[in-house]
$ cat start16.cif   # mmCIF, C-alpha atoms
data_data
#
loop_
_atom_site.label_atom_id
_atom_site.label_comp_id
_atom_site.auth_asym_id
_atom_site.auth_seq_id
_atom_site.Cartn_x
_atom_site.Cartn_y
_atom_site.Cartn_z
CA MET L 1 -6.86 -32.66 50.36
CA SER L 2 -6.64 -36.37 50.54
CA GLY L 3 -8.72 -39.25 49.38
CA GLU L 4 -11.49 -38.76 46.84
CA LEU L 5 -11.42 -36.12 44.18
CA THR L 6 -13.76 -33.31 45.13
CA THR L 7 -14.84 -30.46 42.92
CA GLN L 8 -13.50 -27.93 45.39
CA GLY L 9 -10.21 -29.77 45.52
CA TYR L 10 -10.04 -29.95 41.75
CA ILE L 11 -10.68 -26.24 41.34
CA LYS L 12 -8.33 -25.28 44.13
CA HIS L 13 -5.62 -27.44 42.64
CA HIS L 14 -5.99 -25.67 39.31
CA LEU L 15 -5.85 -22.25 40.90
CA THR L 16 -2.67 -22.85 42.86
CA ASN L 17 0.61 -21.70 41.47
CA ALA L 18 3.74 -23.77 41.54
CA SER L 19 5.83 -21.76 43.94
CA VAL L 20 9.09 -21.72 45.81
CA GLY L 21 10.03 -19.51 48.74
CA GLU L 22 8.13 -18.08 51.65
CA GLY L 23 6.16 -14.94 52.34
CA PHE L 24 7.00 -12.08 50.02
CA TRP L 25 9.88 -13.99 48.57
CA THR L 26 7.61 -16.55 47.03
CA TRP L 27 8.29 -17.10 43.35
CA HIS L 28 5.53 -18.39 41.13
CA VAL L 29 7.70 -20.64 39.00
CA ASP L 30 4.96 -21.54 36.53
CA THR L 31 3.97 -17.92 35.87
CA LEU L 32 7.58 -16.90 35.46
CA ALA L 33 8.45 -19.84 33.24
CA TRP L 34 5.46 -19.63 30.94
CA SER L 35 5.58 -15.86 30.60
CA ILE L 36 9.28 -15.86 29.85
CA ILE L 37 8.93 -18.74 27.38
CA LEU L 38 6.11 -16.89 25.61
CA GLY L 39 8.07 -13.63 25.74
CA LEU L 40 11.00 -15.42 24.14
CA VAL L 41 8.71 -16.90 21.51
CA PHE L 42 7.61 -13.34 20.75
CA ILE L 43 10.98 -11.61 20.59
CA LEU L 44 12.81 -14.45 18.89
CA SER L 45 10.23 -15.01 16.18
CA PHE L 46 9.91 -11.28 15.55
CA ARG L 47 13.66 -10.86 15.69
CA SER L 48 14.14 -13.62 13.12
CA VAL L 49 11.80 -11.74 10.80
CA ALA L 50 13.37 -8.39 11.58
CA LYS L 51 16.84 -9.71 10.82
CA LYS L 52 15.98 -10.71 7.27
CA ALA L 53 13.20 -8.22 6.71
CA THR L 54 13.20 -7.38 3.04
CA VAL L 55 11.86 -4.25 1.44
CA GLY L 56 10.85 -6.29 -1.59
CA VAL L 57 8.10 -8.88 -1.69
CA PRO L 58 7.75 -10.21 1.87
CA GLY L 59 7.29 -13.85 2.77
CA LYS L 60 4.17 -15.13 4.46
CA PHE L 61 5.49 -14.99 8.01
CA GLN L 62 7.01 -11.58 7.39
CA CYS L 63 3.61 -10.43 6.12
CA PHE L 64 1.97 -11.72 9.27
CA VAL L 65 4.50 -10.04 11.54
CA GLU L 66 4.33 -6.83 9.55
CA MET L 67 0.55 -6.86 9.84
CA ILE L 68 0.84 -6.87 13.63
CA VAL L 69 3.59 -4.26 13.58
CA GLU L 70 1.56 -2.01 11.31
CA PHE L 71 -1.57 -2.50 13.38
CA VAL L 72 0.25 -1.50 16.55
CA GLY L 73 2.06 1.32 14.76
CA GLN L 74 -1.22 2.69 13.45
CA SER L 75 -2.79 2.54 16.90
CA VAL L 76 0.17 4.45 18.32
CA LYS L 77 0.10 6.99 15.51
CA ASP L 78 -3.60 7.63 15.98
CA THR L 79 -3.39 8.15 19.71
CA PHE L 80 0.11 9.31 20.57
CA HIS L 81 1.10 12.55 18.92
CA GLY L 82 4.48 13.17 20.48
CA LYS L 83 7.80 11.76 19.38
CA ASN L 84 9.03 8.94 21.54
CA PRO L 85 10.81 5.90 20.14
CA LEU L 86 9.79 3.84 23.17
CA ILE L 87 6.02 3.96 22.83
CA ALA L 88 5.56 1.82 19.71
CA PRO L 89 7.94 -1.01 20.76
CA LEU L 90 6.38 -0.92 24.22
CA ALA L 91 2.90 -1.22 22.75
CA LEU L 92 4.03 -4.03 20.45
CA THR L 93 5.63 -5.96 23.30
CA ILE L 94 2.57 -5.58 25.52
CA PHE L 95 0.15 -6.53 22.77
CA VAL L 96 1.89 -9.63 21.50
CA TRP L 97 3.14 -10.82 24.86
CA VAL L 98 -0.25 -10.44 26.54
CA LEU L 99 -1.94 -12.00 23.52
CA LEU L 100 0.31 -15.06 23.67
CA MET L 101 -0.14 -15.41 27.43
CA ASN L 102 -3.91 -15.07 27.10
CA PHE L 103 -3.95 -17.73 24.42
CA MET L 104 -2.62 -20.23 26.92
CA ASP L 105 -6.19 -20.16 28.18
CA ILE L 106 -7.34 -22.04 25.10
CA ILE L 107 -5.17 -25.08 25.88
CA PRO L 108 -7.42 -27.59 27.68
CA VAL L 109 -7.11 -26.97 31.40
CA ASP L 110 -5.80 -30.38 32.37
CA TRP L 111 -3.22 -31.05 29.69
CA LEU L 112 -0.23 -29.14 30.92
CA PRO L 113 -0.84 -29.65 34.69
CA THR L 114 -1.17 -33.40 34.13
CA LEU L 115 1.91 -33.46 31.96
CA ALA L 116 3.83 -31.53 34.59
CA ALA L 117 2.67 -33.93 37.29
CA LEU L 118 3.70 -36.95 35.20
CA ILE L 119 7.09 -35.44 34.55
CA GLY L 120 7.28 -34.66 38.26
CA GLY L 121 6.92 -38.35 39.00
CA GLU L 122 3.32 -38.49 40.24
CA SER L 123 1.32 -41.61 39.40
CA TRP L 124 -1.86 -41.60 37.36
CA GLU L 125 -3.87 -42.50 40.45
CA THR L 126 -2.54 -39.59 42.47
CA ILE L 127 -3.20 -37.18 39.66
CA ALA L 128 -6.71 -38.51 39.03
CA SER L 129 -7.60 -38.26 42.71
CA GLY L 130 -6.47 -34.67 42.84
CA ASN L 131 -3.72 -35.33 45.36
CA SER L 132 -0.81 -34.38 43.18
CA HIS L 133 1.61 -32.05 44.88
CA ILE L 134 2.74 -30.60 41.62
CA TYR L 135 0.92 -27.47 40.65
CA MET L 136 0.90 -25.80 37.28
CA LYS L 137 -1.02 -22.68 36.32
CA VAL L 138 -0.28 -22.17 32.66
CA VAL L 139 -1.95 -18.82 31.96
CA PRO L 140 0.45 -16.17 33.31
CA THR L 141 -2.14 -13.41 32.97
CA THR L 142 -4.35 -15.15 35.53
CA ASP L 143 -1.63 -14.35 38.05
CA LEU L 144 -2.02 -10.87 39.51
CA ASN L 145 1.76 -10.65 39.81
CA MET L 146 2.06 -10.82 36.06
CA THR L 147 -0.53 -8.18 35.21
CA ALA L 148 0.63 -5.98 38.07
CA ALA L 149 4.18 -6.15 36.80
CA LEU L 150 3.05 -4.92 33.40
CA ALA L 151 0.91 -2.20 34.94
CA LEU L 152 3.74 -1.19 37.24
CA GLY L 153 6.08 -0.83 34.30
CA VAL L 154 3.55 1.37 32.52
CA PHE L 155 3.00 3.36 35.73
CA VAL L 156 6.70 4.02 36.19
CA LEU L 157 6.94 5.21 32.60
CA MET L 158 3.91 7.48 33.12
CA ILE L 159 5.52 9.14 36.15
CA TYR L 160 8.91 9.31 34.41
CA TYR L 161 7.62 11.04 31.30
CA SER L 162 5.28 13.31 33.23
CA VAL L 163 8.21 14.58 35.26
CA LYS L 164 10.51 14.66 32.24
CA ILE L 165 8.15 16.63 30.02
CA LYS L 166 6.47 18.93 32.53
CA GLY L 167 9.13 19.04 35.20
CA PHE L 168 8.49 18.01 38.77
CA GLY L 169 6.61 21.25 39.45
CA GLY L 170 4.42 20.81 36.40
CA PHE L 171 3.63 17.26 37.39
CA MET L 172 2.72 18.34 40.91
CA LYS L 173 0.66 21.22 39.60
CA GLU L 174 -1.30 18.76 37.49
CA LEU L 175 -2.08 16.89 40.70
CA TYR L 176 -3.34 19.80 42.77
CA ALA L 177 -4.54 22.43 40.28
CA HIS L 178 -7.20 20.31 38.63
CA PRO L 179 -10.14 20.09 38.37
CA PHE L 180 -10.87 23.06 40.73
CA ASN L 181 -8.43 25.85 40.12
CA THR L 182 -8.87 27.67 43.45
CA PRO L 183 -6.19 27.50 46.14
CA TRP L 184 -8.56 26.59 48.96
CA LEU L 185 -9.58 23.44 47.07
CA TYR L 186 -6.04 22.30 46.22
CA TRP L 187 -6.09 19.68 48.98
CA PHE L 188 -9.28 18.23 47.51
CA ASN L 189 -7.85 18.24 44.00
CA PHE L 190 -4.75 16.50 45.24
CA ILE L 191 -6.68 13.65 46.82
CA LEU L 192 -8.84 13.28 43.72
CA GLU L 193 -5.95 13.33 41.27
CA VAL L 194 -3.75 10.97 43.23
CA ILE L 195 -6.58 8.49 43.40
CA SER L 196 -7.23 8.79 39.70
CA LEU L 197 -3.50 8.48 38.99
CA LEU L 198 -3.23 5.33 41.08
CA ALA L 199 -6.43 3.98 39.60
CA LYS L 200 -4.83 3.84 36.18
CA PRO L 201 -2.26 1.11 36.82
CA MET L 202 -4.62 -0.68 39.19
CA SER L 203 -7.39 -0.79 36.63
CA LEU L 204 -4.89 -1.94 34.02
CA ALA L 205 -3.66 -4.80 36.20
CA LEU L 206 -7.06 -5.80 37.56
CA ARG L 207 -8.93 -5.65 34.26
CA LEU L 208 -6.60 -8.05 32.51
CA PHE L 209 -6.25 -10.26 35.56
CA GLY L 210 -10.00 -10.29 36.23
CA ASN L 211 -11.02 -11.11 32.71
CA LEU L 212 -8.53 -13.91 32.26
CA TYR L 213 -8.96 -15.28 35.76
CA ALA L 214 -12.70 -15.41 35.29
CA GLY L 215 -12.32 -17.03 31.87
CA GLU L 216 -9.94 -19.64 33.23
CA LEU L 217 -12.22 -20.27 36.20
CA ILE L 218 -15.14 -20.94 33.90
CA PHE L 219 -13.04 -23.45 31.97
CA ILE L 220 -12.11 -25.15 35.23
CA LEU L 221 -15.71 -25.16 36.41
CA ILE L 222 -16.88 -26.65 33.15
CA ALA L 223 -14.20 -29.31 33.38
CA GLY L 224 -14.91 -30.01 37.03
CA LEU L 225 -18.70 -30.02 37.10
CA MET L 226 -20.19 -30.91 33.77
CA GLY L 227 -19.06 -34.46 33.08
CA MET L 228 -19.40 -35.34 29.41
CA TRP L 229 -21.39 -32.16 28.79
CA GLN L 230 -18.16 -30.31 29.14
CA LEU L 231 -17.29 -31.07 25.52
CA PRO L 232 -19.83 -28.73 23.87
CA ALA L 233 -19.64 -26.35 26.82
CA HIS L 234 -15.88 -26.05 26.45
CA PHE L 235 -16.25 -25.42 22.78
CA ILE L 236 -18.83 -22.67 23.28
CA TRP L 237 -16.88 -21.00 26.04
CA ALA L 238 -13.63 -21.25 24.05
CA ALA L 239 -15.30 -19.65 21.04
CA PHE L 240 -16.54 -16.82 23.21
CA HIS L 241 -13.21 -16.56 24.94
CA LEU L 242 -11.51 -16.15 21.56
CA LEU L 243 -13.07 -12.69 21.54
CA VAL L 244 -11.93 -11.87 25.05
CA ILE L 245 -8.32 -12.90 24.51
CA PRO L 246 -7.32 -10.44 21.78
CA LEU L 247 -9.70 -7.80 23.11
CA GLN L 248 -8.01 -7.73 26.50
CA ALA L 249 -4.57 -7.63 24.90
CA PHE L 250 -5.71 -4.78 22.71
CA ILE L 251 -7.28 -2.86 25.60
CA PHE L 252 -4.13 -3.17 27.68
CA MET L 253 -2.04 -1.89 24.77
CA MET L 254 -4.44 0.92 23.92
CA LEU L 255 -4.70 2.14 27.50
CA THR L 256 -0.92 2.05 27.82
CA ILE L 257 -0.66 4.31 24.78
CA VAL L 258 -3.40 6.62 26.08
CA TYR L 259 -1.89 6.92 29.54
CA LEU L 260 1.57 7.64 28.17
CA SER L 261 0.07 10.09 25.73
CA LEU L 262 -1.56 11.91 28.65
CA ALA L 263 1.76 11.89 30.46
CA HIS L 264 3.33 13.69 27.49
CA GLU L 265 0.64 16.33 27.22
CA GLU L 266 1.15 19.73 28.71
CA HIS L 267 -1.84 21.52 30.05
CA MET K 1 -3.82 -13.93 45.33
CA ASN K 2 -1.09 -12.06 47.09
CA LEU K 3 1.59 -10.08 45.42
CA ASN K 4 5.06 -11.47 45.88
CA ALA K 5 8.51 -11.66 44.39
CA THR K 6 7.02 -12.90 41.12
CA LEU K 7 6.07 -9.28 40.52
CA LEU K 8 9.74 -8.31 40.55
CA GLY K 9 10.70 -11.15 38.25
CA GLU K 10 7.97 -10.30 35.77
CA SER K 11 8.89 -6.63 35.90
CA ILE K 12 12.47 -7.45 35.01
CA ALA K 13 11.29 -9.75 32.21
CA PHE K 14 9.00 -6.99 30.97
CA ILE K 15 11.80 -4.41 30.93
CA VAL K 16 14.13 -6.79 29.12
CA PHE K 17 11.52 -7.68 26.49
CA VAL K 18 10.59 -4.05 25.88
CA TRP K 19 14.24 -3.08 25.64
CA PHE K 20 14.95 -5.89 23.20
CA THR K 21 11.94 -4.99 21.08
CA MET K 22 12.91 -1.33 21.04
CA LYS K 23 16.49 -2.11 20.14
CA TYR K 24 16.29 -5.05 17.75
CA VAL K 25 12.73 -5.76 16.66
CA TRP K 26 10.81 -2.56 16.05
CA PRO K 27 13.32 -0.45 14.07
CA PRO K 28 14.15 -2.98 11.33
CA LEU K 29 10.54 -4.11 10.91
CA ASN K 30 9.08 -0.64 10.87
CA GLY K 31 11.94 0.54 8.68
CA ALA K 32 11.25 -2.18 6.14
CA ILE K 33 7.54 -1.39 6.14
CA GLU K 34 8.09 2.33 5.70
CA GLU K 35 10.69 1.86 3.02
CA ARG K 36 8.36 -0.45 1.12
CA GLN K 37 5.55 2.05 1.48
CA ASN K 38 7.80 4.72 0.01
CA LYS K 39 8.78 2.42 -2.81
CA ILE K 40 5.17 1.63 -3.61
CA ALA K 41 4.27 5.30 -3.49
CA ASP K 42 7.16 6.07 -5.84
CA GLY K 43 6.10 3.28 -8.15
CA LEU K 44 2.53 4.52 -8.24
CA ALA K 45 3.70 8.06 -8.92
CA ALA K 46 5.95 6.81 -11.71
CA GLY K 47 3.08 4.85 -13.18
CA GLU K 48 0.86 7.89 -13.09
CA ARG K 49 3.58 9.97 -14.69
CA ALA K 50 4.06 7.38 -17.43
CA GLU K 51 0.34 7.34 -18.07
CA LYS K 52 0.32 11.11 -18.41
CA ASP K 53 3.34 10.94 -20.71
CA LEU K 54 1.61 8.34 -22.82
CA GLU K 55 -1.49 10.49 -23.06
CA LEU K 56 0.64 13.45 -24.08
CA ALA K 57 2.47 11.39 -26.67
CA GLN K 58 -0.78 10.05 -28.05
CA GLU K 59 -2.13 13.57 -28.34
CA LYS K 60 1.03 14.69 -30.06
CA ALA K 61 0.89 11.76 -32.47
CA LYS K 62 -2.72 12.60 -33.22
CA GLU K 63 -1.80 16.19 -33.93
CA GLN K 64 1.07 15.16 -36.15
CA LEU K 65 -1.13 12.73 -38.01
CA LYS K 66 -3.66 15.48 -38.57
CA ASP K 67 -0.92 17.82 -39.82
CA ALA K 68 0.40 15.14 -42.12
CA LYS K 69 -3.05 14.52 -43.50
CA VAL K 70 -3.56 18.19 -44.17
CA GLN K 71 -0.16 18.41 -45.80
CA ALA K 72 -0.82 15.35 -47.90
CA ALA K 73 -4.12 16.81 -49.04
CA GLU K 74 -2.39 20.04 -49.90
CA ILE K 75 0.28 18.23 -51.87
CA ILE K 76 -2.29 16.19 -53.73
CA GLU K 77 -4.25 19.35 -54.49
CA GLN K 78 -1.10 21.02 -55.80
CA ALA K 79 -0.20 18.01 -57.87
CA LYS K 80 -3.65 17.94 -59.38
CA LYS K 81 -3.43 21.60 -60.20
CA ARG K 82 -0.05 21.12 -61.73
CA ALA K 83 -1.30 18.17 -63.73
CA THR K 84 -4.19 20.18 -65.06
CA GLN K 85 -1.83 22.97 -65.85
CA ILE K 86 0.54 20.65 -67.69
CA VAL K 87 -2.31 19.10 -69.65
CA ASP K 88 -3.59 22.55 -70.53
CA GLU K 89 -0.17 23.73 -71.56
CA GLU K 90 0.43 20.65 -73.65
CA THR K 91 -2.97 20.94 -75.25
CA THR K 92 -2.29 24.55 -76.13
CA ARG K 93 1.13 23.72 -77.46
CA GLY K 94 -0.22 20.81 -79.48
CA HIS K 95 -2.89 23.04 -80.84
CA ASP K 96 -0.37 25.69 -81.80
CA GLU K 97 1.86 23.12 -83.38
CA ARG K 98 -1.02 21.78 -85.37
CA GLU K 99 -1.95 25.24 -86.52
CA LYS K 100 1.62 25.89 -87.45
CA ILE K 101 1.97 22.64 -89.35
CA ILE K 102 -1.32 23.23 -91.10
CA ALA K 103 -0.31 26.79 -91.98
CA GLN K 104 3.02 25.58 -93.29
CA GLY K 105 1.36 22.88 -95.33
CA GLN K 106 -1.11 25.34 -96.71
CA ALA K 107 1.70 27.73 -97.59
CA GLU K 108 3.56 24.92 -99.29
CA VAL K 109 0.45 23.87 -101.13
CA GLU K 110 -0.12 27.46 -102.18
CA ALA K 111 3.44 27.80 -103.43
CA GLU K 112 3.18 24.53 -105.33
CA ARG K 113 -0.05 25.60 -106.88
CA ASN K 114 1.41 28.93 -107.88
CA ARG K 115 4.36 27.23 -109.43
CA ALA K 116 2.12 24.78 -111.22
CA LYS K 117 -0.03 27.64 -112.39
CA GLU K 118 3.06 29.44 -113.66
CA ASP K 119 4.16 26.29 -115.45
CA LEU K 120 0.73 25.79 -116.88
CA ARG K 121 0.65 29.37 -118.06
CA GLN K 122 3.97 28.95 -119.79
CA GLN K 123 2.85 25.76 -121.39
CA VAL K 124 -0.53 27.23 -122.39
CA SER K 125 1.22 30.15 -124.10
CA VAL K 126 3.46 27.73 -125.98
CA LEU K 127 0.44 25.59 -126.85
CA ALA K 128 -1.50 28.61 -127.94
CA ILE K 129 1.31 29.66 -130.22
CA ALA K 130 1.69 26.18 -131.58
CA GLY K 131 -2.09 26.00 -132.13
CA ALA K 132 -2.16 29.32 -133.81
CA GLU K 133 0.80 28.33 -136.01
CA LYS K 134 -1.02 25.21 -137.03
CA ILE K 135 -4.29 27.00 -137.67
CA LEU K 136 -2.70 29.67 -139.77
CA GLU K 137 -0.27 27.27 -141.44
CA ARG K 138 1.94 30.06 -141.85
CA GLN K 139 4.75 31.61 -140.13
CA ILE K 140 3.85 34.25 -137.76
CA ASP K 141 6.44 36.33 -136.30
CA ALA K 142 6.39 35.33 -132.75
CA ALA K 143 8.39 38.27 -131.70
CA ALA K 144 5.99 40.68 -133.51
CA HIS K 145 2.99 39.26 -131.83
CA SER K 146 4.45 38.54 -128.49
CA ASP K 147 2.65 41.50 -126.94
CA ILE K 148 -0.65 39.96 -127.96
CA LEU K 149 0.42 36.63 -126.60
CA ASP K 150 1.53 38.14 -123.36
CA LYS K 151 -1.84 39.81 -123.03
CA LEU K 152 -3.47 36.44 -123.64
CA VAL K 153 -1.26 34.77 -121.09
CA ALA K 154 -2.15 37.40 -118.55
CA GLU K 155 -5.80 36.75 -119.13
CA LEU K 156 -5.47 33.09 -118.30
#

$ encode --input "start16.cif" --output "structure tokens"
Amino acid sequence: MSGELTTQGYIKHHLTNASVGEGFWTWHVDTLAWSIILGLVFILSFRSVAKKATVGVPGKFQCFVEMIVEFVGQSVKDTFHGKNPLIAPLALTIFVWVLLMNFMDIIPVDWLPTLAALIGGESWETIASGNSHIYMKVVPTTDLNMTAALALGVFVLMIYYSVKIKGFGGFMKELYAHPFNTPWLYWFNFILEVISLLAKPMSLALRLFGNLYAGELIFILIAGLMGMWQLPAHFIWAAFHLLVIPLQAFIFMMLTIVYLSLAHEEH
Amino acid sequence: MNLNATLLGESIAFIVFVWFTMKYVWPPLNGAIEERQNKIADGLAAGERAEKDLELAQEKAKEQLKDAKVQAAEIIEQAKKRATQIVDEETTRGHDEREKIIAQGQAEVEAERNRAKEDLRQQVSVLAIAGAEKILERQIDAAAHSDILDKLVAEL
């Protein structure tokens, strides 16, 4: 990737994470940094409200935060009928965190990478020609590691509560005794159920990743290919993407609640 | 797009954020919301109760007003009756008094007349004797003829 700026080079540059380490022990520094910053923005702002939450007339920011809390709480109440103090905070964390990370998509694709490159000491010419060696992917949810980590956490909780509520035997029985309750088909059931069990976290991780990755890619394509026409195109795509961003956060939260609700149910 | 150590880092971050939210964010926020909901519900209930109380009080006041009106009418009716009675009584008494006074007056008049009559009779008898004395120009024994005179007097 040297010399003139090519579209392929531009796109590839935007889709490369800033990383350290080799092989499995590669750390995507940008994903980690942005996700943790946004996570901190979430817990600190909510904590600041929670600390001085008043029962009387709430302030504007408290109202806003309470709206989100109530929305998540209502979703949990509607779907999850057991008693578990973890579900609602989990759903809230997932919803707001994913929402914030998705919203990074709305920031124009070149701003933060260029800023990072400038801070990193690259010259304007290097950056403009696409030869910068500083990479910066600012939307953590376009990194499969991020969405997989969330899905993995949900998956572990699913297994944990399944075993806790139904016992290991009950959990196993759920795997082999459905949908055909005849002993000679238990092997078939088992294959089916294990696949469907594994499909849950995988679909969680891939749905969020796929949607945001595709959205980000479109932004990059618009920026890379359309010249001045990118201005209206960006606007239109951003307006459409505004629907995708909260929707994907909501779906991830909702499915988390549903999966954990299923884990709590005894058959 | 390969999975790597970032997955572990994000998992740890996820666990920490969820733990923090469960410990320090969710309970106070949800608590405040629920407490406020309870307060609002209580307030609404109190308002409803007050409204009911007010309605009851209004009804009671209405009833009392009606009672008072009825009582007042009764009192006025009684007073009127009493007034009529008093007027009647007074009229009767006045009438009686008048009758009495008239009767007394008449009796007095009668007595006066009788006395005057008696006087007149006496005087007439004296006059008659004097007249007779003059006409006869002679002495008549008054005592001898007093029975005639008495008869005359009685005829007057």

$ interface_residues --input "start16.cif" --of "chain L" --to "chain K" --cutoff "6 Å" --atoms "all atoms listed in the file" --output "count of residues only"
14

$ resolve_selection --input "start16.cif" --expression "the PyMOL selection byres ((chain L and resi 124-136) around 8)" --output "list of chain:residue names"
L:Met1, L:Ser2, L:Gly3, L:Glu4, L:Leu5, L:Thr6, L:Gly9, L:Tyr10, L:His13, L:His14, L:Thr16, L:Asn17, L:Ala18, L:Asp30, L:Leu112, L:Pro113, L:Thr114, L:Ala116, L:Ala117, L:Leu118, L:Gly120, L:Glu122, L:Ser123, L:Lys137, L:Val138

$ atom_distance --input "start16.cif" --atom1 "CA of Asn189 (chain L)" --atom2 "CA of Ser203 (chain L)"
20.4 Å

$ resolve_selection --input "start16.cif" --expression "the PyMOL selection byres ((chain L and resi 222) around 12)" --output "list in words"
Thr7, Tyr10, Ile11, Pro108, Val109, Asp110, Gly215, Glu216, Leu217, Ile218, Phe219, Ile220, Leu221, Ala223, Gly224, Leu225, Met226, Gly227, Met228, Trp229, Gln230, Leu231, Pro232, Ala233, His234, Phe235, Ile236, Trp237 and Ala238 of chain L

$ residues_around --input "start16.cif" --residues "Val156 (chain L)" --least-positions-apart "6" --cutoff "12 Å" --atoms "all atoms listed in the file" --output "VMD selection string"
(chain L and resid 148 to 150 162 to 164 197 to 198 200 to 201 256 259 to 260 263) or (chain K and resid 11 15)

$ residues_near_point --input "start16.cif" --point "(-6.3, -11.5, 39.4)" --cutoff "8 Å" --atoms "all atoms listed in the file" --output "PyMOL selection string"
(chain L and resi 141-144+147+205-206+208-210+212-213) or (chain K and resi 1)

$ write_last_selection --input "start16.cif" --atoms "C-alpha atoms" --output "short mmCIF file (atom, residue, chain, number, x, y, z; two decimals), in the coordinates of the input"
data_model
loop_
_atom_site.label_atom_id
_atom_site.label_comp_id
_atom_site.auth_asym_id
_atom_site.auth_seq_id
_atom_site.Cartn_x
_atom_site.Cartn_y
_atom_site.Cartn_z
CA THR L 141 -2.14 -13.41 32.97
CA THR L 142 -4.35 -15.15 35.53
CA ASP L 143 -1.63 -14.35 38.05
CA LEU L 144 -2.02 -10.87 39.51
CA THR L 147 -0.53 -8.18 35.21
CA ALA L 205 -3.66 -4.80 36.20
CA LEU L 206 -7.06 -5.80 37.56
CA LEU L 208 -6.60 -8.05 32.51
CA PHE L 209 -6.25 -10.26 35.56
CA GLY L 210 -10.00 -10.29 36.23
CA LEU L 212 -8.53 -13.91 32.26
CA TYR L 213 -8.96 -15.28 35.76
CA MET K 1 -3.82 -13.93 45.33
#

$ atom_distance --input "start16.cif" --atom1 "CA of Ile245 (chain L)" --atom2 "CA of Arg207 (chain L)"
12.2 Å

$ atom_distance --input "start16.cif" --atom1 "CA of Glu266 (chain L)" --atom2 "CA of His178 (chain L)"
13.0 Å

$ residues_around --input "start16.cif" --residues "Ala88 (chain L)" --least-positions-apart "3" --cutoff "8 Å" --atoms "only C-alpha atoms" --output "ChimeraX atom specification"
/L:72-73,76,85,91-92 /K:26

$ decode --input "start16.cif" --residues "region 30-34 of chain L" --atoms "all heavy atoms" --output "compact mmCIF listing (two decimals), in the first residue's frame"
# COMPACT_ATOMS: atom_id res chain seq x y z
N ASP L 30 -7.94 -0.18 19.55
CA ASP L 30 -9.01 0.80 19.31
C ASP L 30 -10.36 0.27 19.81
O ASP L 30 -11.10 0.99 20.49
CB ASP L 30 -9.09 1.17 17.83
CG ASP L 30 -8.99 -0.04 16.92
OD1 ASP L 30 -8.97 -1.17 17.45
OD2 ASP L 30 -8.93 0.15 15.70
N THR L 31 -10.67 -0.98 19.51
CA THR L 31 -11.93 -1.55 20.00
C THR L 31 -11.99 -1.50 21.52
O THR L 31 -13.00 -1.06 22.11
CB THR L 31 -12.05 -3.02 19.53
OG1 THR L 31 -11.96 -3.06 18.12
CG2 THR L 31 -13.36 -3.62 19.99
N LEU L 32 -10.92 -1.95 22.12
CA LEU L 32 -10.88 -1.97 23.59
C LEU L 32 -11.04 -0.56 24.16
O LEU L 32 -11.86 -0.32 25.05
CB LEU L 32 -9.56 -2.56 24.07
CG LEU L 32 -9.48 -4.10 24.02
CD1 LEU L 32 -8.04 -4.55 24.16
CD2 LEU L 32 -10.35 -4.72 25.11
N ALA L 33 -10.27 0.37 23.60
CA ALA L 33 -10.28 1.72 24.15
C ALA L 33 -11.66 2.37 24.00
O ALA L 33 -12.22 2.88 24.96
CB ALA L 33 -9.22 2.57 23.47
N TRP L 34 -12.19 2.32 22.77
CA TRP L 34 -13.47 2.99 22.55
C TRP L 34 -14.59 2.33 23.34
O TRP L 34 -15.44 3.01 23.92
CB TRP L 34 -13.83 3.02 21.06
CG TRP L 34 -13.02 4.03 20.31
CD1 TRP L 34 -12.11 3.79 19.33
CD2 TRP L 34 -13.04 5.45 20.49
NE1 TRP L 34 -11.54 4.96 18.90
CE2 TRP L 34 -12.09 5.99 19.58
CE3 TRP L 34 -13.74 6.32 21.33
CZ2 TRP L 34 -11.85 7.36 19.49
CZ3 TRP L 34 -13.49 7.68 21.23
CH2 TRP L 34 -12.56 8.19 20.33
